[in-house]
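**Student:** This structure is in structure tokens; I'll ask about it shortly.
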Amino acid sequence: MPTNLPSGRDLPRFAGVSTFFRFPRWEDVPDEHRPLDWALYGVPYDGGTTYRPGARFGPRAIREQSQYLKPYHLELDVNIAERLSMADAGDAPVRPYSAAENHGAVAGWAENLPGAGHTRLFAIGGDHSLAASNIRATWERLGRPAGGLPVLHLDAHLDTVDEVWGERHGHASPFIRAIEGGWIDPARMLSIGIRGPLNTPADLAFGREHGIAMVTMADLDAGRAFEAIDVWRSAVGETPVYVTIDIDCIDPAFAPGTGTPMCGGMTSREVMNLLRGLRGIRIAGADLVEVLPDRDPADVTALLAAHLVMEVLALDAVGRIG
């Protein structure tokens, strides 16, 4: 069923209850319109951060900025509201004082949303520790596929550090936990946008040893990214892919509102074009993380984050045509 969206020409976009993209609230969707294609939900949690906190307010900021986005994607020629049924499922319960407890609470809540096997999960954060929770829930809802899910990862950091300050569930560790859990397949994981400086080259050792394909910004600049993407797409085939986007994959000139900014990243246009170039991939679930509104002048980072959520949904929608 298509998503029933209010027209901005009938109900102004600055009016009404703020939900992601003005999608209906989860509880307002009639039973006859279920199961939905997507449940979008916020994870207002930043207890796993290692530098600036504040991403707990990211879901609210992205909801607000998403009010202006319209459902028709010009470049992919698809209307997501006509192709997909979507709702805002609210915010997951969070445990602010324990990263491990928060992981379990979010994963358990998301796993038990109705529509398992059909309704995909899009988690919006919040810090990157939530990726492990949403990946785990996605894997469970898809019937625990053997070998784990392929992953497309856009980030400045690889996020496979075992622990920081004794914490093993922080935002530096979601993918090492997901690999250990068998929820993702590191041999079919592609990380794009990686750049330094690093604490030590050993920060990349786990990823390399487990077969994660890394595309650094130097690779992008030299034109080597396309070959890596082609190899990854060939390995993935028709298997649904989990997409995880840390907003710091983008240069802080375009996305200043984040807790661990890293200079030398992609521009807004570059990251959008990269995603559009992946037309044809199937999507299992997704997250977008690390928007920090307190460091976000004129809400430009939250607005960009909303656009990137739209890009992922449009990729899914265009893949359903025909």
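Going by the structure tokens order, chains are called A, B, ..., each with residues numbered from 1, while ligands are numbered from 1 in the order shown.
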Could you write out, as a PyMOL selection string, all the residues of segment 46-287 of chain A that DSSP marks as strand (DSSP E or B)?
**Tutor:** chain A and resi 72-73+78-79+86-91+120-125+149-154+164+167+184-194+213-216+241-246+250+266+283-287
**Student:** Limited to N, CA and C atoms, could you put the picked residues into a file as a short mmCIF file (atom, residue, chain, number, x, y, z; two decimals), in the first residue's frame?
**Tutor:**
```
data_model
loop_
_atom_site.label_atom_id
_atom_site.label_comp_id
_atom_site.auth_asym_id
_atom_site.auth_seq_id
_atom_site.Cartn_x
_atom_site.Cartn_y
_atom_site.Cartn_z
N TYR A 72 8.88 12.65 -4.15
CA TYR A 72 9.35 12.29 -5.49
C TYR A 72 10.84 12.55 -5.62
N HIS A 73 11.58 11.51 -6.01
CA HIS A 73 13.03 11.61 -6.19
C HIS A 73 13.31 11.87 -7.67
N VAL A 78 11.37 8.25 -9.05
CA VAL A 78 10.50 7.38 -8.26
C VAL A 78 9.87 8.17 -7.14
N ASN A 79 8.62 7.88 -6.85
CA ASN A 79 7.90 8.49 -5.74
C ASN A 79 7.86 7.46 -4.61
N MET A 86 5.17 3.23 4.71
CA MET A 86 6.15 3.62 5.73
C MET A 86 5.44 4.32 6.88
N ALA A 87 6.02 4.21 8.06
CA ALA A 87 5.48 4.89 9.23
C ALA A 87 6.60 5.23 10.19
N ASP A 88 6.35 6.24 11.01
CA ASP A 88 7.24 6.63 12.09
C ASP A 88 6.84 5.83 13.32
N ALA A 89 7.71 4.93 13.75
CA ALA A 89 7.41 4.05 14.89
C ALA A 89 7.78 4.67 16.22
N GLY A 90 8.09 5.97 16.23
CA GLY A 90 8.45 6.64 17.47
C GLY A 90 9.90 6.40 17.83
N ASP A 91 10.21 6.42 19.10
CA ASP A 91 11.57 6.22 19.58
C ASP A 91 11.68 4.91 20.34
N ARG A 120 10.97 -3.62 7.07
CA ARG A 120 12.37 -3.30 7.33
C ARG A 120 12.49 -2.20 8.36
N LEU A 121 13.65 -2.13 9.01
CA LEU A 121 13.90 -1.19 10.10
C LEU A 121 14.90 -0.13 9.67
N PHE A 122 14.55 1.13 9.90
CA PHE A 122 15.47 2.24 9.65
C PHE A 122 15.63 2.98 10.98
N ALA A 123 16.79 2.80 11.61
CA ALA A 123 17.08 3.43 12.90
C ALA A 123 17.80 4.75 12.67
N ILE A 124 17.36 5.79 13.37
CA ILE A 124 17.93 7.12 13.20
C ILE A 124 18.39 7.61 14.57
N GLY A 125 19.72 7.95 14.63
CA GLY A 125 20.29 8.22 15.94
C GLY A 125 20.65 9.66 16.16
N LEU A 149 24.52 -10.63 7.14
CA LEU A 149 24.10 -9.69 6.10
C LEU A 149 25.29 -8.99 5.46
N PRO A 150 25.24 -8.75 4.14
CA PRO A 150 26.21 -7.84 3.54
C PRO A 150 25.97 -6.42 4.06
N VAL A 151 27.01 -5.59 4.04
CA VAL A 151 26.90 -4.25 4.61
C VAL A 151 27.53 -3.23 3.68
N LEU A 152 26.83 -2.11 3.50
CA LEU A 152 27.39 -0.90 2.91
C LEU A 152 27.55 0.10 4.04
N HIS A 153 28.78 0.56 4.26
CA HIS A 153 29.12 1.37 5.43
C HIS A 153 29.79 2.66 4.96
N LEU A 154 29.14 3.80 5.21
CA LEU A 154 29.71 5.10 4.88
C LEU A 154 30.12 5.77 6.17
N VAL A 164 36.82 0.70 24.30
CA VAL A 164 37.40 1.98 24.68
C VAL A 164 37.03 2.24 26.14
N GLU A 167 34.70 -0.17 27.69
CA GLU A 167 33.36 -0.30 27.13
C GLU A 167 33.43 -0.99 25.77
N ILE A 184 26.46 -9.95 10.56
CA ILE A 184 26.93 -9.41 9.28
C ILE A 184 28.07 -10.27 8.76
N ASP A 185 28.28 -10.18 7.44
CA ASP A 185 29.34 -10.92 6.78
C ASP A 185 30.47 -9.95 6.45
N PRO A 186 31.59 -9.96 7.18
CA PRO A 186 32.66 -8.99 6.91
C PRO A 186 33.26 -9.12 5.53
N ALA A 187 33.20 -10.32 4.93
CA ALA A 187 33.74 -10.52 3.59
C ALA A 187 32.88 -9.86 2.52
N ARG A 188 31.66 -9.45 2.91
CA ARG A 188 30.78 -8.71 2.00
C ARG A 188 30.39 -7.36 2.62
N MET A 189 31.36 -6.77 3.30
CA MET A 189 31.18 -5.45 3.89
C MET A 189 32.09 -4.46 3.18
N LEU A 190 31.53 -3.36 2.73
CA LEU A 190 32.28 -2.32 2.04
C LEU A 190 32.18 -1.03 2.85
N SER A 191 33.31 -0.52 3.30
CA SER A 191 33.38 0.72 4.10
C SER A 191 33.98 1.82 3.23
N ILE A 192 33.23 2.90 3.03
CA ILE A 192 33.64 3.98 2.14
C ILE A 192 33.78 5.28 2.93
N GLY A 193 34.88 6.00 2.67
CA GLY A 193 35.10 7.30 3.30
C GLY A 193 36.10 7.29 4.42
N ILE A 194 36.73 6.15 4.66
CA ILE A 194 37.67 5.99 5.77
C ILE A 194 38.85 6.95 5.59
N ALA A 213 36.30 -4.70 2.99
CA ALA A 213 36.86 -3.89 1.91
C ALA A 213 36.77 -2.42 2.29
N MET A 214 37.91 -1.72 2.31
CA MET A 214 37.95 -0.32 2.72
C MET A 214 38.28 0.57 1.54
N VAL A 215 37.46 1.58 1.35
CA VAL A 215 37.72 2.61 0.35
C VAL A 215 38.01 3.90 1.11
N THR A 216 39.26 4.31 1.11
CA THR A 216 39.63 5.53 1.81
C THR A 216 39.30 6.74 0.94
N VAL A 241 21.08 -5.95 1.39
CA VAL A 241 22.23 -5.29 2.02
C VAL A 241 21.76 -4.41 3.17
N TYR A 242 22.52 -4.41 4.25
CA TYR A 242 22.28 -3.47 5.34
C TYR A 242 23.11 -2.21 5.06
N VAL A 243 22.47 -1.04 5.12
CA VAL A 243 23.13 0.24 4.85
C VAL A 243 23.27 1.02 6.15
N THR A 244 24.50 1.41 6.48
CA THR A 244 24.75 2.19 7.69
C THR A 244 25.54 3.44 7.32
N ILE A 245 25.01 4.60 7.71
CA ILE A 245 25.60 5.88 7.34
C ILE A 245 25.92 6.68 8.60
N ASP A 246 27.20 6.91 8.82
CA ASP A 246 27.64 7.85 9.85
C ASP A 246 27.81 9.20 9.15
N ILE A 250 30.93 12.62 5.73
CA ILE A 250 30.89 13.87 4.96
C ILE A 250 31.81 14.88 5.63
N MET A 266 33.73 13.51 2.10
CA MET A 266 32.93 13.73 0.90
C MET A 266 32.09 14.99 1.03
N ILE A 283 17.76 -3.87 -0.28
CA ILE A 283 18.08 -3.32 1.03
C ILE A 283 17.35 -4.09 2.12
N ALA A 284 18.12 -4.53 3.13
CA ALA A 284 17.58 -5.31 4.24
C ALA A 284 17.17 -4.43 5.42
N GLY A 285 17.84 -3.31 5.60
CA GLY A 285 17.61 -2.42 6.72
C GLY A 285 18.64 -1.31 6.68
N ALA A 286 18.52 -0.35 7.57
CA ALA A 286 19.44 0.79 7.48
C ALA A 286 19.47 1.56 8.80
N ASP A 287 20.51 2.37 8.92
CA ASP A 287 20.57 3.35 10.00
C ASP A 287 21.32 4.58 9.51
#
```
**Student:** Would you list the contacts of Asp162 of chain A as a list in words, taking every protein, DNA or RNA residue within 9 Å and counting only C-alpha atoms, but skipping same-chain residues closer than 6 positions in sequence?
**Tutor:**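 Those residues are Arg168, His169, Ala172, Ser173, Ile176, Arg177 and Phe206 of chain A.
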**Student:** Among segment 44-241 of chain A, which residues does DSSP mark as alpha helix (DSSP H) when it is run on the backbone? Keep the chain and numbering as in the structure and answer as an NGL selection string.
**Tutor:** :A and (58-65 or 80-83 or 99-111 or 130-141 or 174-181 or 205-209 or 217-221 or 225-236)
**Student:** A:Gly115, A:Pro240, A:Gly182, A:Gly126: which is nearest Gly54 of chain A, counting only C-alpha atoms?
**Tutor:**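 Smallest distance to Gly54 of chain A is found for A:Gly126.
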**Student:** Which neighbours of Arg34 of chain A fall inside 9 Å, counting only C-alpha atoms, when residues of the same chain fewer than 6 positions from it are skipped, and could you give them as a list in words?
**Tutor:**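 Here the answer would be Met1, Ser85, Pro114, Gly115 and Thr119 of chain A.
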**Student:** Go ahead and write the residues just picked, N, CA and C atoms, as a PDB file, in the first residue's frame.
**Tutor:**
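Written file, selection24.pdb:
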```pdb
ATOM      1  N   MET A   1       0.839  -1.199   0.000  1.00  0.00           N
ATOM      2  CA  MET A   1       0.000   0.000   0.000  1.00  0.00           C
ATOM      3  C   MET A   1       0.872   1.247   0.000  1.00  0.00           C
ATOM      4  N   SER A  85       5.146   1.555   1.694  1.00  0.00           N
ATOM      5  CA  SER A  85       4.324   1.900   2.856  1.00  0.00           C
ATOM      6  C   SER A  85       5.261   2.085   4.042  1.00  0.00           C
ATOM      7  N   PRO A 114       5.882  -5.392  14.935  1.00  0.00           N
ATOM      8  CA  PRO A 114       5.123  -6.271  14.040  1.00  0.00           C
ATOM      9  C   PRO A 114       5.649  -6.210  12.604  1.00  0.00           C
ATOM     10  N   GLY A 115       5.442  -7.296  11.879  1.00  0.00           N
ATOM     11  CA  GLY A 115       5.812  -7.329  10.471  1.00  0.00           C
ATOM     12  C   GLY A 115       7.138  -7.992  10.186  1.00  0.00           C
ATOM     13  N   THR A 119       8.557  -6.042   7.159  1.00  0.00           N
ATOM     14  CA  THR A 119       8.826  -4.651   7.519  1.00  0.00           C
ATOM     15  C   THR A 119      10.293  -4.464   7.856  1.00  0.00           C
TER      16      THR A 119
END
```
**Student:** Would you please work out which residue, of A:Thr3, A:Val318, A:Gly48, A:Arg9, is nearest to Asp28 of chain A when using only C-alpha atoms?
**Tutor:**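 Result for the nearest residue to Asp28 of chain A: A:Thr3.
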